[in-house]
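Student: The structure file protein.cif (mmCIF, C-alpha atoms and all ligand atoms) is provided below.
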data_query
loop_
_atom_site.label_atom_id
_atom_site.label_comp_id
_atom_site.auth_asym_id
_atom_site.auth_seq_id
_atom_site.Cartn_x
_atom_site.Cartn_y
_atom_site.Cartn_z
CA MET A 1 -11.51 45.24 23.67
CA VAL A 2 -9.93 43.68 20.63
CA ARG A 3 -11.91 44.61 17.55
CA VAL A 4 -12.64 41.98 14.92
CA ALA A 5 -11.82 44.06 11.89
CA ARG A 6 -11.81 41.50 9.15
CA ARG A 7 -14.25 38.91 7.90
CA LYS A 8 -12.96 35.96 5.98
CA ALA A 9 -14.22 36.12 2.43
CA GLY A 10 -15.22 32.86 0.82
CA HIS A 11 -15.05 31.02 4.13
CA ARG A 12 -18.49 29.51 3.73
CA LEU A 13 -19.62 27.28 0.95
CA PRO A 14 -21.67 29.11 -1.68
CA PRO A 15 -25.16 27.67 -2.48
CA ALA A 16 -23.94 25.91 -5.64
CA ARG A 17 -21.37 24.12 -3.59
CA HIS A 18 -24.01 22.97 -1.10
CA LEU A 19 -25.68 21.19 -4.01
CA ALA A 20 -22.37 19.69 -5.10
CA VAL A 21 -21.68 18.48 -1.58
CA ALA A 22 -25.17 16.95 -1.33
CA ALA A 23 -24.60 15.11 -4.62
CA LEU A 24 -21.25 13.94 -3.39
CA ALA A 25 -22.90 12.63 -0.23
CA VAL A 26 -25.19 10.41 -2.29
CA VAL A 27 -22.23 9.04 -4.27
CA LEU A 28 -20.26 8.39 -1.11
CA VAL A 29 -23.11 6.67 0.68
CA CYS A 30 -23.49 4.36 -2.33
CA LYS A 31 -19.78 3.72 -2.46
CA LEU A 32 -19.56 2.86 1.21
CA ALA A 33 -22.67 0.72 1.12
CA PHE A 34 -21.61 -1.22 -1.97
CA GLY A 35 -18.03 -2.11 -1.36
CA GLY A 36 -15.88 1.01 -0.83
CA ASP A 37 -12.59 -0.13 0.68
CA GLY A 38 -12.28 2.76 3.12
CA ASP A 39 -12.46 0.41 6.09
CA SER A 40 -9.30 -1.51 5.32
CA TYR A 41 -6.97 0.72 7.29
CA TYR A 42 -9.17 0.47 10.34
CA LYS A 43 -9.10 -3.29 10.43
CA TYR A 44 -5.48 -2.77 11.25
CA LYS A 45 -4.87 -3.53 14.91
CA TYR A 46 -1.89 -1.49 15.99
CA ASN A 47 -2.57 1.49 18.25
CA ALA A 48 -6.29 0.92 18.14
CA ASP A 49 -7.69 2.74 21.16
CA THR A 50 -10.89 0.87 21.84
CA SER A 51 -12.09 3.33 24.47
CA THR A 52 -13.92 5.40 21.91
CA LYS A 53 -15.22 2.57 19.75
CA ASP A 54 -18.72 3.08 18.55
CA ALA A 55 -21.01 0.08 18.64
CA SER A 56 -23.63 1.69 16.44
CA ALA A 57 -21.69 2.08 13.26
CA SER A 58 -23.48 3.88 10.46
CA PRO A 59 -25.53 1.75 8.06
CA ALA A 60 -23.60 3.57 5.34
CA ARG A 61 -20.51 1.47 5.93
CA GLY A 62 -20.47 -1.61 3.80
CA GLY A 63 -19.32 -5.20 4.14
CA SER A 64 -17.42 -5.68 7.34
CA PRO A 65 -19.22 -5.93 10.67
CA GLU A 66 -15.96 -4.80 12.26
CA VAL A 67 -16.21 -1.54 14.18
CA SER A 68 -13.67 1.18 13.42
CA PRO A 69 -11.45 2.49 16.16
CA VAL A 70 -11.93 6.22 16.49
CA SER A 71 -8.87 7.57 18.21
CA PHE A 72 -5.94 9.91 18.04
CA ARG A 73 -3.63 6.95 18.65
CA THR A 74 -3.49 5.95 15.00
CA PRO A 75 -0.65 6.40 12.50
CA LEU A 76 -2.44 8.75 10.09
CA ALA A 77 -4.66 11.82 10.10
CA TYR A 78 -5.95 14.18 7.43
CA GLY A 79 -4.82 17.80 7.86
CA THR A 80 -7.00 20.47 6.28
CA LYS A 81 -4.53 23.34 6.00
CA SER A 82 -4.70 25.40 2.79
CA LEU A 83 -7.51 23.33 1.23
CA LYS A 84 -9.56 26.54 1.07
CA GLU A 85 -12.87 26.28 -0.78
CA ARG A 86 -12.14 22.65 -1.71
CA THR A 87 -12.08 21.64 1.97
CA GLY A 88 -15.56 20.06 2.09
CA GLU A 89 -15.09 18.03 -1.07
CA LEU A 90 -11.58 16.87 -0.10
CA VAL A 91 -12.54 15.95 3.48
CA ALA A 92 -15.45 13.87 2.15
CA THR A 93 -13.11 12.15 -0.33
CA ALA A 94 -10.47 11.53 2.35
CA ILE A 95 -13.10 9.92 4.58
CA SER A 96 -14.29 7.73 1.71
CA GLU A 97 -10.67 6.63 1.22
CA GLY A 98 -10.35 5.57 4.86
CA PHE A 99 -9.24 8.59 6.89
CA ARG A 100 -11.14 8.87 10.16
CA HIS A 101 -9.12 11.48 12.06
CA ILE A 102 -9.55 14.99 10.65
CA VAL A 103 -7.37 17.82 11.92
CA THR A 104 -8.48 21.41 11.40
CA GLY A 105 -8.13 24.80 13.07
CA GLY A 106 -10.67 27.20 14.51
CA HIS A 107 -9.77 30.85 13.87
CA HIS A 108 -6.74 29.66 11.89
CA SER A 109 -6.11 31.68 8.75
CA SER A 110 -5.15 28.59 6.72
CA HIS A 111 -8.03 26.32 7.72
CA ASN A 112 -11.64 26.34 6.56
CA GLU A 113 -13.36 24.80 9.56
CA THR A 114 -16.83 25.27 8.07
CA GLY A 115 -15.74 23.25 5.04
CA VAL A 116 -14.68 20.43 7.37
CA GLY A 117 -18.17 20.46 8.88
CA HIS A 118 -19.72 20.17 5.42
CA GLY A 119 -17.22 17.50 4.40
CA TRP A 120 -17.77 15.06 7.24
CA LYS A 121 -21.55 15.53 7.01
CA ALA A 122 -21.37 14.67 3.30
CA SER A 123 -19.32 11.54 4.02
CA GLY A 124 -22.36 9.58 5.19
CA LEU A 125 -20.62 8.45 8.38
CA GLY A 126 -21.99 9.11 11.85
CA ARG A 127 -20.32 11.59 14.13
CA SER A 128 -19.02 8.88 16.47
CA GLU A 129 -17.26 7.17 13.57
CA LEU A 130 -14.91 10.13 13.17
CA PHE A 131 -12.29 11.82 15.30
CA LEU A 132 -12.60 15.59 14.83
CA GLN A 133 -9.78 17.75 16.13
CA THR A 134 -9.49 21.50 16.04
CA CYS A 135 -7.22 24.08 17.60
CA PHE A 136 -7.49 27.29 19.57
CA VAL A 137 -5.46 30.18 18.15
CA PRO A 138 -4.93 33.06 20.62
CA PHE A 139 -6.59 36.13 19.13
CA GLY A 140 -3.36 38.11 19.40
CA ASN A 141 -1.45 35.63 17.22
CA ARG A 142 -1.01 37.87 14.21
CA ALA A 143 0.66 35.24 12.06
CA ASP A 144 -2.07 32.60 12.18
CA PHE A 145 -5.27 34.13 13.58
CA ALA A 146 -8.16 35.00 11.30
CA PRO A 147 -11.59 36.15 12.44
CA ASP A 148 -14.52 33.83 11.90
CA PRO A 149 -17.77 35.02 10.29
CA LEU A 150 -19.58 34.01 13.49
CA ASP A 151 -17.46 36.27 15.70
CA PRO A 152 -19.23 39.05 17.59
CA GLU A 153 -18.39 42.62 16.62
CA GLN A 154 -16.27 43.00 19.74
CA ALA A 155 -13.92 40.08 20.24
CA PRO A 156 -13.14 39.16 23.84
CA GLU A 157 -9.91 40.38 25.33
CA SER A 158 -9.18 37.79 28.00
CA ILE A 159 -7.76 34.51 26.83
CA GLU A 160 -10.35 32.62 28.89
CA GLU A 161 -13.20 34.27 26.98
CA GLN A 162 -11.37 33.74 23.70
CA VAL A 163 -11.17 30.00 24.34
CA ARG A 164 -14.88 29.82 25.17
CA LEU A 165 -15.85 31.82 22.09
CA SER A 166 -13.51 29.92 19.79
CA VAL A 167 -14.77 26.51 20.94
CA SER A 168 -18.42 27.54 20.66
CA ILE A 169 -17.80 28.66 17.06
CA SER A 170 -15.82 25.51 16.24
CA LEU A 171 -18.78 23.42 17.41
CA LYS A 172 -21.08 25.33 15.06
CA ASN A 173 -18.64 25.21 12.14
CA LEU A 174 -18.10 21.49 12.61
CA GLN A 175 -21.82 20.79 13.14
CA THR A 176 -21.20 18.84 16.31
CA ASP A 177 -21.79 19.10 20.05
CA TYR A 178 -18.36 17.82 21.09
CA LEU A 179 -14.76 17.93 19.94
CA ASP A 180 -12.65 14.79 20.05
CA ALA A 181 -9.54 16.89 20.60
CA LEU A 182 -8.68 20.52 21.21
CA VAL A 183 -5.12 21.70 20.68
CA PHE A 184 -3.50 24.95 21.83
CA HIS A 185 -1.85 26.51 18.79
CA ASN A 186 1.59 27.98 19.29
CA ASN A 187 3.05 30.18 16.66
CA LYS A 188 5.62 28.78 14.25
CA ALA A 189 7.67 26.80 16.78
CA LYS A 190 7.61 29.73 19.23
CA ARG A 191 5.62 29.13 22.37
CA TRP A 192 2.90 31.60 23.29
CA ALA A 193 3.27 33.51 26.58
CA ASP A 194 3.48 31.01 29.42
CA ASP A 195 0.92 32.69 31.63
CA GLU A 196 -1.62 32.83 28.79
CA ILE A 197 -1.09 29.17 27.89
CA ARG A 198 -1.76 28.16 31.49
CA ARG A 199 -4.87 30.34 31.78
CA ALA A 200 -6.21 29.00 28.50
CA TRP A 201 -5.43 25.44 29.61
CA LYS A 202 -7.60 25.84 32.71
CA VAL A 203 -10.53 26.56 30.40
CA PHE A 204 -9.51 23.60 28.21
CA GLU A 205 -9.72 21.45 31.38
CA GLU A 206 -13.16 22.83 32.24
CA LEU A 207 -14.32 21.95 28.72
CA VAL A 208 -13.19 18.36 29.31
CA ASP A 209 -15.02 18.35 32.67
CA GLU A 210 -18.14 19.56 30.88
CA GLY A 211 -17.87 16.82 28.22
CA THR A 212 -17.45 19.28 25.34
CA VAL A 213 -13.88 18.17 24.62
CA LYS A 214 -12.42 14.69 25.00
CA HIS A 215 -8.63 15.05 24.61
CA LEU A 216 -6.18 17.95 24.91
CA GLY A 217 -2.98 18.83 23.12
CA MET A 218 -0.61 21.54 21.99
CA THR A 219 1.39 22.44 18.90
CA SER A 220 5.08 23.20 18.53
CA VAL A 221 6.69 22.13 21.78
CA HIS A 222 10.43 21.66 21.45
CA ASP A 223 11.70 22.17 24.99
CA PRO A 224 11.62 18.94 27.05
CA GLU A 225 11.99 20.68 30.45
CA TRP A 226 9.15 23.04 29.70
CA PHE A 227 6.92 20.18 28.60
CA GLU A 228 7.80 18.12 31.69
CA THR A 229 6.87 21.01 33.99
CA PHE A 230 3.70 21.80 32.09
CA TRP A 231 2.66 18.14 32.11
CA ASN A 232 3.26 17.85 35.87
CA GLN A 233 1.36 21.03 36.65
CA SER A 234 -1.66 20.31 34.48
CA ARG A 235 -4.70 18.76 36.08
CA ILE A 236 -5.74 17.24 32.75
CA LYS A 237 -2.63 16.24 30.82
CA PRO A 238 -1.76 17.05 27.23
CA GLU A 239 -2.00 13.75 25.37
CA ILE A 240 -1.19 15.14 21.91
CA VAL A 241 1.72 17.27 20.71
CA GLN A 242 1.69 18.46 17.11
CA ASN A 243 5.26 19.13 15.94
CA ARG A 244 7.12 19.48 12.68
CA PHE A 245 9.39 16.63 11.62
CA HIS A 246 12.27 18.66 10.35
CA SER A 247 16.04 18.96 10.48
CA ASN A 248 15.76 22.50 11.82
CA ARG A 249 14.43 21.01 15.08
CA GLN A 250 16.74 17.99 14.85
CA TYR A 251 13.69 15.81 14.27
CA ASP A 252 12.82 16.22 17.97
CA VAL A 253 15.44 13.71 19.10
CA ASN A 254 15.72 15.74 22.33
CA MET A 255 11.97 15.28 22.96
CA GLN A 256 11.87 11.49 22.54
CA GLU A 257 12.41 10.69 26.20
CA VAL A 258 9.77 13.06 27.60
CA PHE A 259 7.24 11.97 24.98
CA ARG A 260 7.90 8.31 25.80
CA ARG A 261 7.59 8.94 29.55
CA HIS A 262 4.18 10.58 29.17
CA ASN A 263 2.87 8.34 26.39
CA THR A 264 2.41 11.43 24.20
CA GLN A 265 0.96 10.90 20.74
CA VAL A 266 3.05 13.08 18.45
CA GLN A 267 1.37 14.44 15.36
CA ARG A 268 3.91 15.17 12.63
CA PHE A 269 3.69 17.78 9.89
CA TRP A 270 6.14 18.90 7.17
CA LEU A 271 6.79 15.24 6.46
CA LEU A 272 6.59 15.41 2.70
CA ASN A 273 7.28 19.06 1.97
CA GLY A 274 10.05 19.68 4.51
CA SER A 275 13.68 18.74 4.78
CA SER A 276 12.96 15.09 3.96
CA ARG A 277 12.16 16.17 0.39
CA GLY A 278 9.25 13.77 0.47
CA GLY A 279 11.63 10.84 0.95
CA ARG A 280 12.96 11.26 -2.60
CA ARG A 281 16.52 10.57 -1.43
CA SER A 282 15.37 6.98 -0.86
CA LYS A 283 13.84 6.38 -4.25
CA ASP A 284 15.69 3.11 -4.90
CA GLU A 285 14.97 1.77 -1.44
CA ALA A 286 11.28 2.59 -1.86
CA GLU A 287 11.15 0.90 -5.26
CA ALA A 288 12.78 -2.21 -3.83
CA ARG A 289 10.00 -2.38 -1.24
CA GLY A 290 7.24 -1.77 -3.76
CA VAL A 291 6.18 1.60 -2.37
CA THR A 292 6.62 5.24 -3.32
CA PRO A 293 9.31 7.37 -1.66
CA ALA A 294 6.54 9.35 0.09
CA GLN A 295 5.08 6.12 1.48
CA LEU A 296 8.47 4.98 2.73
CA MET A 297 8.96 8.34 4.44
CA LEU A 298 5.58 8.10 6.19
CA GLY A 299 6.21 4.44 7.02
CA PHE A 300 9.52 5.35 8.64
CA VAL A 301 7.87 7.94 10.90
CA MET A 302 5.03 5.54 11.76
CA SER A 303 7.60 2.87 12.66
CA MET A 304 8.83 5.01 15.56
CA GLY A 305 5.62 4.37 17.51
CA SER A 306 3.11 6.86 18.96
CA GLN A 307 3.45 9.03 15.86
CA THR A 308 0.59 10.26 13.71
CA CYS A 309 1.51 11.43 10.22
CA LEU A 310 -0.52 14.51 9.31
CA VAL A 311 -1.02 14.70 5.57
CA GLY A 312 -3.11 17.17 3.66
CA THR A 313 -3.03 15.76 0.19
CA LYS A 314 -5.41 17.02 -2.50
CA THR A 315 -4.75 14.00 -4.73
CA GLN A 316 -7.02 10.97 -4.39
CA GLN A 317 -4.28 8.49 -5.34
CA HIS A 318 -2.03 9.99 -2.65
CA MET A 319 -4.87 9.59 -0.14
CA ARG A 320 -4.97 5.89 -1.07
CA ASP A 321 -1.19 5.59 -0.81
CA ASP A 322 -1.17 7.26 2.60
CA VAL A 323 -3.98 5.07 3.96
CA GLU A 324 -2.30 1.97 2.54
CA VAL A 325 1.02 2.66 4.23
CA ALA A 326 -0.74 3.29 7.55
CA ARG A 327 -1.98 -0.29 7.22
CA CYS A 328 1.17 -2.01 6.01
CA TYR A 329 4.11 0.01 7.34
CA PRO A 330 5.39 -2.68 9.74
CA SER A 331 6.22 -4.82 6.71
CA LEU A 332 8.52 -2.09 5.38
CA PHE A 333 10.97 -2.21 8.23
CA TRP A 334 10.21 -5.39 10.14
CA GLU A 335 9.98 -7.91 7.38
CA ALA A 336 11.26 -11.12 8.95
CA GLY A 337 9.24 -13.32 11.28
CA SER A 338 5.60 -13.44 12.16
CA ALA A 339 3.63 -11.05 14.32
CA GLY A 340 4.73 -11.39 17.92
CA ASP A 341 8.26 -12.43 16.98
CA THR A 342 10.39 -9.79 18.62
CA GLU A 343 13.68 -10.94 17.12
CA ARG A 344 13.69 -9.48 13.68
CA ALA A 345 17.26 -9.56 12.54
CA GLY A 346 18.34 -6.52 10.59
CA SER A 347 15.07 -4.66 11.14
CA ASP A 348 16.57 -1.74 12.97
CA GLU A 349 19.46 -1.53 10.53
CA ALA A 350 17.09 -0.51 7.77
CA ARG A 351 15.50 2.14 9.97
CA VAL A 352 18.83 3.47 11.21
CA SER A 353 20.10 3.72 7.66
CA TYR A 354 16.94 5.66 6.71
CA ALA A 355 17.39 7.99 9.70
CA ASP A 356 21.03 8.58 8.69
CA LYS A 357 19.93 9.69 5.24
CA LEU A 358 17.59 12.23 6.84
CA GLY A 359 20.42 13.50 9.04
CA MET A 360 18.52 12.41 12.15
CA LYS A 361 21.23 11.92 14.77
CA GLN A 362 20.32 9.55 17.59
CA PRO A 363 22.70 9.69 20.56
CA GLY A 364 25.05 6.67 20.35
CA ASP A 365 23.65 5.05 23.48
CA ARG A 366 19.99 5.37 22.50
CA PRO A 367 18.24 3.18 19.95
CA LEU A 368 15.82 4.64 17.44
CA PRO A 369 12.36 4.62 19.04
CA GLY A 370 10.00 1.91 17.95
CA PRO A 371 6.61 0.68 19.09
CA ASP A 372 6.64 -1.07 22.45
CA GLU A 373 6.72 -4.86 22.55
CA ALA A 374 3.00 -5.21 23.22
CA ALA A 375 2.23 -3.12 20.17
CA ARG A 376 4.72 -5.08 18.06
CA GLY A 377 2.91 -8.26 19.00
CA ALA A 378 -0.36 -6.79 17.74
CA MET A 379 1.08 -5.57 14.45
CA ASP A 380 -0.21 -6.73 11.15
CA TYR A 381 2.68 -7.70 8.90
CA ARG A 382 0.93 -7.87 5.57
CA PRO A 383 2.96 -6.42 2.75
CA CYS A 384 2.11 -3.13 1.09
CA ARG A 385 -0.04 -3.61 -1.98
CA SER A 386 0.72 -0.49 -3.95
CA ALA A 387 3.51 -0.73 -6.46
CA ALA A 388 5.87 2.23 -6.66
CA ARG A 389 4.92 4.46 -9.54
N1 LIG B 401 0.98 23.24 13.79
C1 LIG B 401 1.46 23.83 12.73
O1 LIG B 401 2.08 24.90 12.81
C2 LIG B 401 1.28 23.19 11.38
C3 LIG B 401 2.01 23.66 10.29
C4 LIG B 401 1.86 23.02 9.06
C5 LIG B 401 0.98 21.97 8.94
N2 LIG B 401 0.26 21.54 10.02
C6 LIG B 401 -0.72 20.41 9.89
O2 LIG B 401 -0.16 19.37 9.10
C7 LIG B 401 -0.99 19.10 7.96
C8 LIG B 401 -0.10 18.70 6.79
O3 LIG B 401 0.57 19.84 6.30
P1 LIG B 401 2.01 19.80 5.64
O4 LIG B 401 2.50 21.21 5.60
O5 LIG B 401 2.84 18.79 6.35
O6 LIG B 401 1.80 19.37 4.15
P2 LIG B 401 0.73 18.47 3.36
O7 LIG B 401 -0.53 19.23 3.30
O8 LIG B 401 0.66 17.12 3.95
O9 LIG B 401 1.31 18.40 1.92
C9 LIG B 401 2.64 18.09 1.63
C10 LIG B 401 2.80 17.67 0.22
O10 LIG B 401 2.75 16.26 0.24
C11 LIG B 401 2.09 15.80 -0.94
N3 LIG B 401 1.64 14.42 -0.65
C12 LIG B 401 0.80 13.94 0.28
N4 LIG B 401 0.70 12.60 0.22
C13 LIG B 401 1.53 12.22 -0.80
C14 LIG B 401 1.91 10.99 -1.36
N5 LIG B 401 1.41 9.83 -0.90
N6 LIG B 401 2.79 10.98 -2.39
C15 LIG B 401 3.31 12.13 -2.86
N7 LIG B 401 3.01 13.34 -2.37
C16 LIG B 401 2.13 13.39 -1.34
C17 LIG B 401 1.05 16.83 -1.21
O11 LIG B 401 0.77 16.92 -2.58
P3 LIG B 401 -0.65 16.45 -3.20
O12 LIG B 401 -1.67 17.40 -2.68
O13 LIG B 401 -0.50 16.49 -4.66
O14 LIG B 401 -0.84 15.05 -2.71
C18 LIG B 401 1.74 18.14 -0.75
O15 LIG B 401 2.39 18.75 -1.83
C19 LIG B 401 -1.78 20.39 7.76
O16 LIG B 401 -2.98 20.19 7.10
C20 LIG B 401 -1.99 20.84 9.20
O17 LIG B 401 -3.07 20.13 9.77
C21 LIG B 401 0.41 22.11 11.23
#
Would it be possible to restate this file's structure as structure tokens?
Tutor:
Amino acid sequence: MVRVARRKAGHRLPPARHLAVAALAVVLVCKLAFGGDGDSYYKYKYNADTSTKDASASPARGGSPEVSPVSFRTPLAYGTKSLKERTGELVATAISEGFRHIVTGGHHSSHNETGVGHGWKASGLGRSELFLQTCFVPFGNRADFAPDPLDPEQAPESIEEQVRLSVSISLKNLQTDYLDALVFHNNKAKRWADDEIRRAWKVFEELVDEGTVKHLGMTSVHDPEWFETFWNQSRIKPEIVQNRFHSNRQYDVNMQEVFRRHNTQVQRFWLLNGSSRGGRRSKDEAEARGVTPAQLMLGFVMSMGSQTCLVGTKTQQHMRDDVEVARCYPSLFWEAGSAGDTERAGSDEARVSYADKLGMKQPGDRPLPGPDEAARGAMDYRPCRSAAR
């Protein structure tokens, strides 16, 4: 049996922080009820998966009768890595600024899943108004695994039992009875042992059958043949892949075809702190478009379609900027014409020039991916409001 030797110190909110979170909840409820603009991003039509829409939106949300789409098929999600003891407060703030998809990690040494539970509860929104995603970290993953305070003294050895235990603890930490998405966590772009992934996945599938989990995914998949085989052999398919967007994996150009074929939603990390240098190489271009370099960088990734930018900002203004660009990004690269007009002269030139600056090499015979025509028709072309600072 694998022994759980360590307990994570400071993983739970201390009593004083409970009070702070409760106070924050009151402020947020007031803000949402009396004109908070957190809904604006969700009035945006593109990629809205209506299958999980909730008709009984919380009375806390103000103004618009419009119902928010709650889905992983949206351009932006809030990642909770390294937020530590500020996790609850920052998740509540992110939700008040318009984020609805929160990405955390059970048994992940850099995530405070309990804090996420406190944060969404403090937001004043109902459970069905949020998309909560967590991951399963194999207990033998020395780089990323950390024990949870709720672990039994003897941790289970088989990966099947580890999945069951991890999910049951995630449900408690997140104060919920279902997970919108569960992702298998691979270690730093190296896949976990094949046999173990498949055995764990069978339990993932059972959890979907049981209604505990709604969607499945995996992190760090950079081999198209492997993913094709895995996809074909899975009874319940991976719908989400969480990958870095980085030059050291050639920005996943080799994965584009397999992702397109299987309608995979690709969650991107290392967008602003990786090889893109936060888009700072395109400072002038960003200024000309009235956005910040970080916004232009995120907008570029969003423009490729079926991409979710994972950001974990601790700065409220950056939260606003990120939510704003998720709403207006089509205007950054497809300026001409009205929605539904598929002939936008010069549009792809701007994107290709941006990709070139990143060093993202598309094969000569393959255009840069973009949203499909149906999605383009549904896009909202309003310009970005935030001026570059
Ligand atoms: N699967 C994996 O192995 C893996 C690995 C890493 C990350 N992730 C996921 O991806 C999420 C994001 O992590 P990340 O490593 O990509 O970094 P990040 O947490 O998004 O932060 C990157 C940097 O971007 C800044 N930032 C965010 N929005 C900005 C804006 N609008 N303007 C200027 N700066 C901005 C942040 O600074 P401020 O705080 O000041 O805004 C921060 O310094 C994580 O929370 C996690 O969920 C997954």
Student: Go through chain A and flag each residue having an atom no more than 9 Å from ligand LIG 401 (chain B); for those, report the closest pair of atoms plus their distance in Å to one decimal, using all atoms listed in the file, ordered by chain and rising number, as CSV.
Tutor:
residue,atom,partner,partner_atom,distance
A:Ala77,CA,B:LIG401,C7,8.4
A:Tyr78,CA,B:LIG401,O16,6.7
A:Gly79,CA,B:LIG401,O16,3.1
A:Thr80,CA,B:LIG401,O16,4.1
A:Lys81,CA,B:LIG401,O16,3.7
A:Ser82,CA,B:LIG401,O16,7.0
A:Leu83,CA,B:LIG401,O16,8.1
A:Ile102,CA,B:LIG401,O17,8.3
A:Val103,CA,B:LIG401,O17,5.3
A:Thr104,CA,B:LIG401,O17,5.8
A:Gly105,CA,B:LIG401,O17,7.6
A:Ser110,CA,B:LIG401,O16,8.7
A:His111,CA,B:LIG401,O16,8.0
A:Asp144,CA,B:LIG401,O1,8.8
A:His185,CA,B:LIG401,N1,6.6
A:Asn186,CA,B:LIG401,O1,7.2
A:Asn187,CA,B:LIG401,O1,6.6
A:Lys188,CA,B:LIG401,O1,5.4
A:Ala189,CA,B:LIG401,O1,7.1
A:Met218,CA,B:LIG401,N1,8.5
A:Thr219,CA,B:LIG401,N1,5.2
A:Ser220,CA,B:LIG401,N1,6.3
A:Gln242,CA,B:LIG401,N1,5.9
A:Asn243,CA,B:LIG401,N1,6.3
A:Arg244,CA,B:LIG401,C3,7.0
A:Phe245,CA,B:LIG401,O5,8.7
A:Gln267,CA,B:LIG401,O2,8.1
A:Arg268,CA,B:LIG401,O2,6.8
A:Phe269,CA,B:LIG401,O5,3.8
A:Trp270,CA,B:LIG401,O5,3.4
A:Leu271,CA,B:LIG401,O5,5.3
A:Leu272,CA,B:LIG401,O10,4.6
A:Asn273,CA,B:LIG401,C9,4.8
A:Gly274,CA,B:LIG401,O5,7.5
A:Gly278,CA,B:LIG401,N7,6.9
A:Thr292,CA,B:LIG401,N6,7.0
A:Pro293,CA,B:LIG401,N6,7.5
A:Ala294,CA,B:LIG401,N6,4.8
A:Gln295,CA,B:LIG401,N5,5.7
A:Leu298,CA,B:LIG401,N5,8.4
A:Cys309,CA,B:LIG401,O2,8.2
A:Leu310,CA,B:LIG401,C7,4.8
A:Val311,CA,B:LIG401,O8,3.4
A:Gly312,CA,B:LIG401,O7,3.3
A:Thr313,CA,B:LIG401,O12,3.6
A:Lys314,CA,B:LIG401,O12,3.8
A:Thr315,CA,B:LIG401,O14,4.5
A:Gln316,CA,B:LIG401,O14,7.6
A:Gln317,CA,B:LIG401,N5,7.3
A:His318,CA,B:LIG401,N5,3.9
A:Met319,CA,B:LIG401,N5,6.3
A:Arg320,CA,B:LIG401,N5,7.5
A:Asp321,CA,B:LIG401,N5,5.0
A:Asp322,CA,B:LIG401,N5,5.1
A:Val323,CA,B:LIG401,N5,8.7
A:Val325,CA,B:LIG401,N5,8.8
Student: Taking C-alpha atoms for each residue, export the selection above as a short mmCIF file (atom, residue, chain, number, x, y, z; two decimals), in the coordinates of the input.
Tutor:
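Saved file result-v6.cif follows:
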data_model
loop_
_atom_site.label_atom_id
_atom_site.label_comp_id
_atom_site.auth_asym_id
_atom_site.auth_seq_id
_atom_site.Cartn_x
_atom_site.Cartn_y
_atom_site.Cartn_z
CA ALA A 77 -4.66 11.82 10.10
CA TYR A 78 -5.95 14.18 7.43
CA GLY A 79 -4.82 17.80 7.86
CA THR A 80 -7.00 20.47 6.28
CA LYS A 81 -4.53 23.34 6.00
CA SER A 82 -4.70 25.40 2.79
CA LEU A 83 -7.51 23.33 1.23
CA ILE A 102 -9.55 14.99 10.65
CA VAL A 103 -7.37 17.82 11.92
CA THR A 104 -8.48 21.41 11.40
CA GLY A 105 -8.13 24.80 13.07
CA SER A 110 -5.15 28.59 6.72
CA HIS A 111 -8.03 26.32 7.72
CA ASP A 144 -2.07 32.60 12.18
CA HIS A 185 -1.85 26.51 18.79
CA ASN A 186 1.59 27.98 19.29
CA ASN A 187 3.05 30.18 16.66
CA LYS A 188 5.62 28.78 14.25
CA ALA A 189 7.67 26.80 16.78
CA MET A 218 -0.61 21.54 21.99
CA THR A 219 1.39 22.44 18.90
CA SER A 220 5.08 23.20 18.53
CA GLN A 242 1.69 18.46 17.11
CA ASN A 243 5.26 19.13 15.94
CA ARG A 244 7.12 19.48 12.68
CA PHE A 245 9.39 16.63 11.62
CA GLN A 267 1.37 14.44 15.36
CA ARG A 268 3.91 15.17 12.63
CA PHE A 269 3.69 17.78 9.89
CA TRP A 270 6.14 18.90 7.17
CA LEU A 271 6.79 15.24 6.46
CA LEU A 272 6.59 15.41 2.70
CA ASN A 273 7.28 19.06 1.97
CA GLY A 274 10.05 19.68 4.51
CA GLY A 278 9.25 13.77 0.47
CA THR A 292 6.62 5.24 -3.32
CA PRO A 293 9.31 7.37 -1.66
CA ALA A 294 6.54 9.35 0.09
CA GLN A 295 5.08 6.12 1.48
CA LEU A 298 5.58 8.10 6.19
CA CYS A 309 1.51 11.43 10.22
CA LEU A 310 -0.52 14.51 9.31
CA VAL A 311 -1.02 14.70 5.57
CA GLY A 312 -3.11 17.17 3.66
CA THR A 313 -3.03 15.76 0.19
CA LYS A 314 -5.41 17.02 -2.50
CA THR A 315 -4.75 14.00 -4.73
CA GLN A 316 -7.02 10.97 -4.39
CA GLN A 317 -4.28 8.49 -5.34
CA HIS A 318 -2.03 9.99 -2.65
CA MET A 319 -4.87 9.59 -0.14
CA ARG A 320 -4.97 5.89 -1.07
CA ASP A 321 -1.19 5.59 -0.81
CA ASP A 322 -1.17 7.26 2.60
CA VAL A 323 -3.98 5.07 3.96
CA VAL A 325 1.02 2.66 4.23
#
Student: Choose the residue, out of A:Leu296, A:Leu358, A:Val208, A:Val213, that has the smallest atom-to-atom separation from His246 (chain A); count all atoms listed in the file.
Tutor: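 That would be A:Leu358, the residue with the smallest distance to His246 (chain A).
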Student: Out of A:Val116, A:Ala355, A:Met379, A:Val167, which residue has the shortest atom-to-atom distance to Leu132 (chain A) when counting all atoms listed in the file?
Tutor: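 Looking at the shortest contact to Leu132 (chain A), the residue is A:Val116.
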Student: Figure out the distance between CA of Met255 (chain A) and CA of Leu130 (chain A), please, to one decimal in Å.
Tutor: 29.1 Å
Student: Please list, as a PyMOL selection string, the residues that have an atom at most 10 Å away from (-8.9, 29.4, 30.2) in the coordinates of this file, counting only C-alpha atoms.
Tutor: chain A and resi 158-164+196-207
